[in-house]
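S.K.: This structure is in structure tokens; I'll ask about it shortly.
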Protein chains: 2
Amino acid sequence: MDWLEQVKWDSDGLVPVIAQEQGTKDVLMFAWMNREALAATAARGQAVYFSRSRKRLWHKGEESGHFQEVHEMRLDCDADVVLLTVTQHGHDPAIACHTGRHSCFFQRFDSLQWQTVEPVLKDPESIYR
Amino acid sequence: MDWLEQVKWDSDGLVPVIAQEQGTKDVLMFAWMNREALAATAARGQAVYFSRSRKRLWHKGEESGHFQEVHEMRLDCDADVVLLTVTQHGHDPAIACHTGRHSCFFQRFDSLQWQTVEPVLKDPESIYR
């Protein structure tokens, strides 16, 4: 059975994807892939997602230069979630978030509020020229 | 503005949730929450998900005893994904997966196949009595 067919695609033909940083094990971001994106990711060794807003393949880093080298791909018990182990390239320290932060998960729940607890490493306006 | 309203719930009123283990930083599982589940998680300090198959709140560990103590909750840049930092209780070594494995992400992509690379720590039949 083809490995792409073993993935349980949702009704939109998508699967949720978690990107975790090699070494630090920080969870950097969450996105979606369709069959074509997952096949492209496996073939290139770089993360290619499916942008639900733009309804097209999104080679992470295509605009920002912040591409993700993929070391490992894992599938969960229900075959409906993918976990990538990646090295986030393009900036040191690594920036995965479009806000210019290391990780997209920069808002921590504290005192009944979501509080921003991670710094902007680079002005997003200078990332997306 | 209420913190629950700041979350961008999808058309089904759900948000994807990643559970990451405190200490090891292993990604243990992926699930979903609705407003009630997220509010209950914050109130109890234990993970309460929404089961899409059973269409009801699912207090993780209610059957298995493998509950998750929640240390931190984070929200991503688009406010549509939640990341939990948890301690997985109920068994040593910790079991988060219903298959009796540490993590749900036990299938690694290798040689164009998803290959099981993590051991079963406890027979699932003895977990769900």
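Lettering and numbering for the structure tokens are positional, with chains as A, B, ... in the shown order, residues counted from 1 in each chain, and ligands counted from 1 in the shown order.
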If we count only C-alpha atoms and set the cut-off at 12 Å, which residues sit around Thr116 of chain B, ignoring sequence neighbours fewer than 6 positions away in its own chain? Please answer as a list of chain:residue names.
M.R.: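 The neighbour list is A:Arg74, A:Leu75, A:Asp76, A:Cys77, A:Ala79, B:Thr99, B:Arg101, B:Ser103, B:Cys104, B:Phe105, B:Phe106, B:Gln107, B:Arg108, B:Phe109, B:Asp110.
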S.K.: Quick one: write out the picked residues with C-alpha atoms as a JSON list (two decimals), in the first residue's frame?
M.R.:
```
[["chain", "number", "residue", "atom", "x", "y", "z"],
["A", 74, "ARG", "CA", 6.37, 10.63, 11.75],
["A", 75, "LEU", "CA", 2.73, 9.61, 11.56],
["A", 76, "ASP", "CA", 0.53, 9.18, 14.61],
["A", 77, "CYS", "CA", -1.44, 6.15, 15.80],
["A", 79, "ALA", "CA", -2.55, 8.02, 10.77],
["B", 99, "THR", "CA", -1.80, 1.69, 21.77],
["B", 101, "ARG", "CA", 3.13, 3.53, 23.64],
["B", 103, "SER", "CA", 3.84, 8.86, 22.21],
["B", 104, "CYS", "CA", 1.26, 8.61, 19.44],
["B", 105, "PHE", "CA", 3.98, 9.46, 16.91],
["B", 106, "PHE", "CA", 5.58, 6.02, 16.72],
["B", 107, "GLN", "CA", 5.55, 5.51, 12.95],
["B", 108, "ARG", "CA", 8.64, 6.88, 11.22],
["B", 109, "PHE", "CA", 8.89, 7.44, 7.48],
["B", 110, "ASP", "CA", 11.74, 5.37, 6.11]]
```
S.K.: As a ChimeraX atom specification, which residues of chain B does DSSP assign to strand (DSSP E or B)?
M.R.: /B:14-21,27-34,46,48-51,56-59,68-75,82-88,107-110,113-116
S.K.: Looking at only C-alpha atoms, which of B:Glu72, B:Asp12, B:Glu21, B:Glu63 is the one that sits closest to chain A?
M.R.: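 Smallest distance to chain A is found for B:Glu72.
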S.K.: Could you give me, as a PyMOL selection string, the residues within 12 Å of Ala31 of chain B, counting only C-alpha atoms and dropping anything in the same chain fewer than 3 positions from it?
M.R.: (chain A and resi 16+76-78+80-81) or (chain B and resi 14-20+27-28+34+37-38+47-53+57-60+81-84+96-97+104)
S.K.: Calculated over only C-alpha atoms, which of the candidates A:Val70, A:Ala39, A:Asp2, A:Val120 has the smallest distance to Pro93 of chain A?
M.R.: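 Of A:Val70, A:Ala39, A:Asp2, A:Val120, the one nearest Pro93 of chain A, counting only C-alpha atoms, is A:Val120.
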S.K.: Between atom CA of Ser11 of chain B and atom CA of Arg56 of chain B, measure the distance and give it in Å to one decimal.
M.R.: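 Going from atom CA of Ser11 of chain B over to atom CA of Arg56 of chain B, I get 16.7 Å.
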S.K.: Between atom CA of Tyr128 of chain A and atom CA of Glu69 of chain A, what is the spacing in Å?
M.R.: 19.9 Å
S.K.: Between B:Val86, B:Met33, B:Ala43, B:Ala94, which residue has the minimum interatomic distance to chain A, considering only C-alpha atoms?
M.R.: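 Of B:Val86, B:Met33, B:Ala43, B:Ala94, the one nearest chain A is B:Ala43, counting only C-alpha atoms.
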S.K.: Just list as an mmCIF file with N, CA, C and O atoms, in the first residue's frame whatever in segment 20-119 of chain A DSSP marks as alpha helix (DSSP H).
M.R.:
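Result saved to out12.cif:
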```cif
data_model
loop_
_atom_site.group_PDB
_atom_site.id
_atom_site.type_symbol
_atom_site.label_atom_id
_atom_site.label_comp_id
_atom_site.auth_asym_id
_atom_site.auth_seq_id
_atom_site.Cartn_x
_atom_site.Cartn_y
_atom_site.Cartn_z
ATOM 1 N N ARG A 35 -1.870 15.793 -0.170
ATOM 2 C CA ARG A 35 -1.016 14.716 -0.682
ATOM 3 C C ARG A 35 0.211 15.267 -1.393
ATOM 4 O O ARG A 35 1.323 14.801 -1.217
ATOM 5 N N GLU A 36 -0.040 16.262 -2.241
ATOM 6 C CA GLU A 36 1.037 16.813 -3.056
ATOM 7 C C GLU A 36 2.113 17.449 -2.166
ATOM 8 O O GLU A 36 3.314 17.313 -2.429
ATOM 9 N N ALA A 37 1.678 18.135 -1.111
ATOM 10 C CA ALA A 37 2.630 18.791 -0.200
ATOM 11 C C ALA A 37 3.458 17.750 0.549
ATOM 12 O O ALA A 37 4.680 17.903 0.696
ATOM 13 N N LEU A 38 2.812 16.690 1.011
ATOM 14 C CA LEU A 38 3.551 15.660 1.751
ATOM 15 C C LEU A 38 4.529 14.934 0.817
ATOM 16 O O LEU A 38 5.680 14.668 1.195
ATOM 17 N N ALA A 39 4.096 14.652 -0.390
ATOM 18 C CA ALA A 39 4.987 14.012 -1.365
ATOM 19 C C ALA A 39 6.174 14.922 -1.677
ATOM 20 O O ALA A 39 7.318 14.460 -1.756
ATOM 21 N N ALA A 40 5.905 16.227 -1.833
ATOM 22 C CA ALA A 40 6.976 17.187 -2.146
ATOM 23 C C ALA A 40 7.947 17.302 -0.977
ATOM 24 O O ALA A 40 9.164 17.405 -1.165
ATOM 25 N N THR A 41 7.421 17.289 0.236
ATOM 26 C CA THR A 41 8.265 17.361 1.433
ATOM 27 C C THR A 41 9.210 16.165 1.491
ATOM 28 O O THR A 41 10.412 16.316 1.741
ATOM 29 N N ALA A 42 8.673 14.984 1.228
ATOM 30 C CA ALA A 42 9.496 13.772 1.246
ATOM 31 C C ALA A 42 10.545 13.815 0.135
ATOM 32 O O ALA A 42 11.697 13.444 0.344
ATOM 33 N N ALA A 43 10.159 14.308 -1.022
ATOM 34 C CA ALA A 43 11.063 14.313 -2.173
ATOM 35 C C ALA A 43 12.178 15.345 -2.026
ATOM 36 O O ALA A 43 13.335 15.077 -2.345
ATOM 37 N N ARG A 44 11.837 16.539 -1.519
ATOM 38 C CA ARG A 44 12.814 17.630 -1.429
ATOM 39 C C ARG A 44 13.623 17.608 -0.155
ATOM 40 O O ARG A 44 14.685 18.220 -0.088
#
```
S.K.: Hey, can you check how far atom CA of His91 of chain B sits from atom CA of Val117 of chain B?
M.R.: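 Calculated distance between atom CA of His91 of chain B and atom CA of Val117 of chain B is 20.0 Å.
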S.K.: Identify which of the residues B:Leu4, B:Asp123, B:Gly61, B:Gln113 lies closest to chain A, counting only C-alpha atoms when measuring atom-to-atom distances.
M.R.: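 Going through B:Leu4, B:Asp123, B:Gly61, B:Gln113 one by one, the smallest distance to chain A is for B:Gln113.
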S.K.: Check the smallest atom-to-atom distance from each of B:Gln115, B:Gln46, B:Ser64, B:Thr87 to chain A using only C-alpha atoms, then report the winner.
M.R.: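 Looking only at the distances to chain A, the closest residue turns out to be B:Gln115.
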S.K.: Measuring atom to atom with only C-alpha atoms, identify which of B:Trp32, B:Trp114, B:Phe67, B:Trp9 is nearest to chain A.
M.R.: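 Distance minimum relative to chain A lands on B:Trp114.
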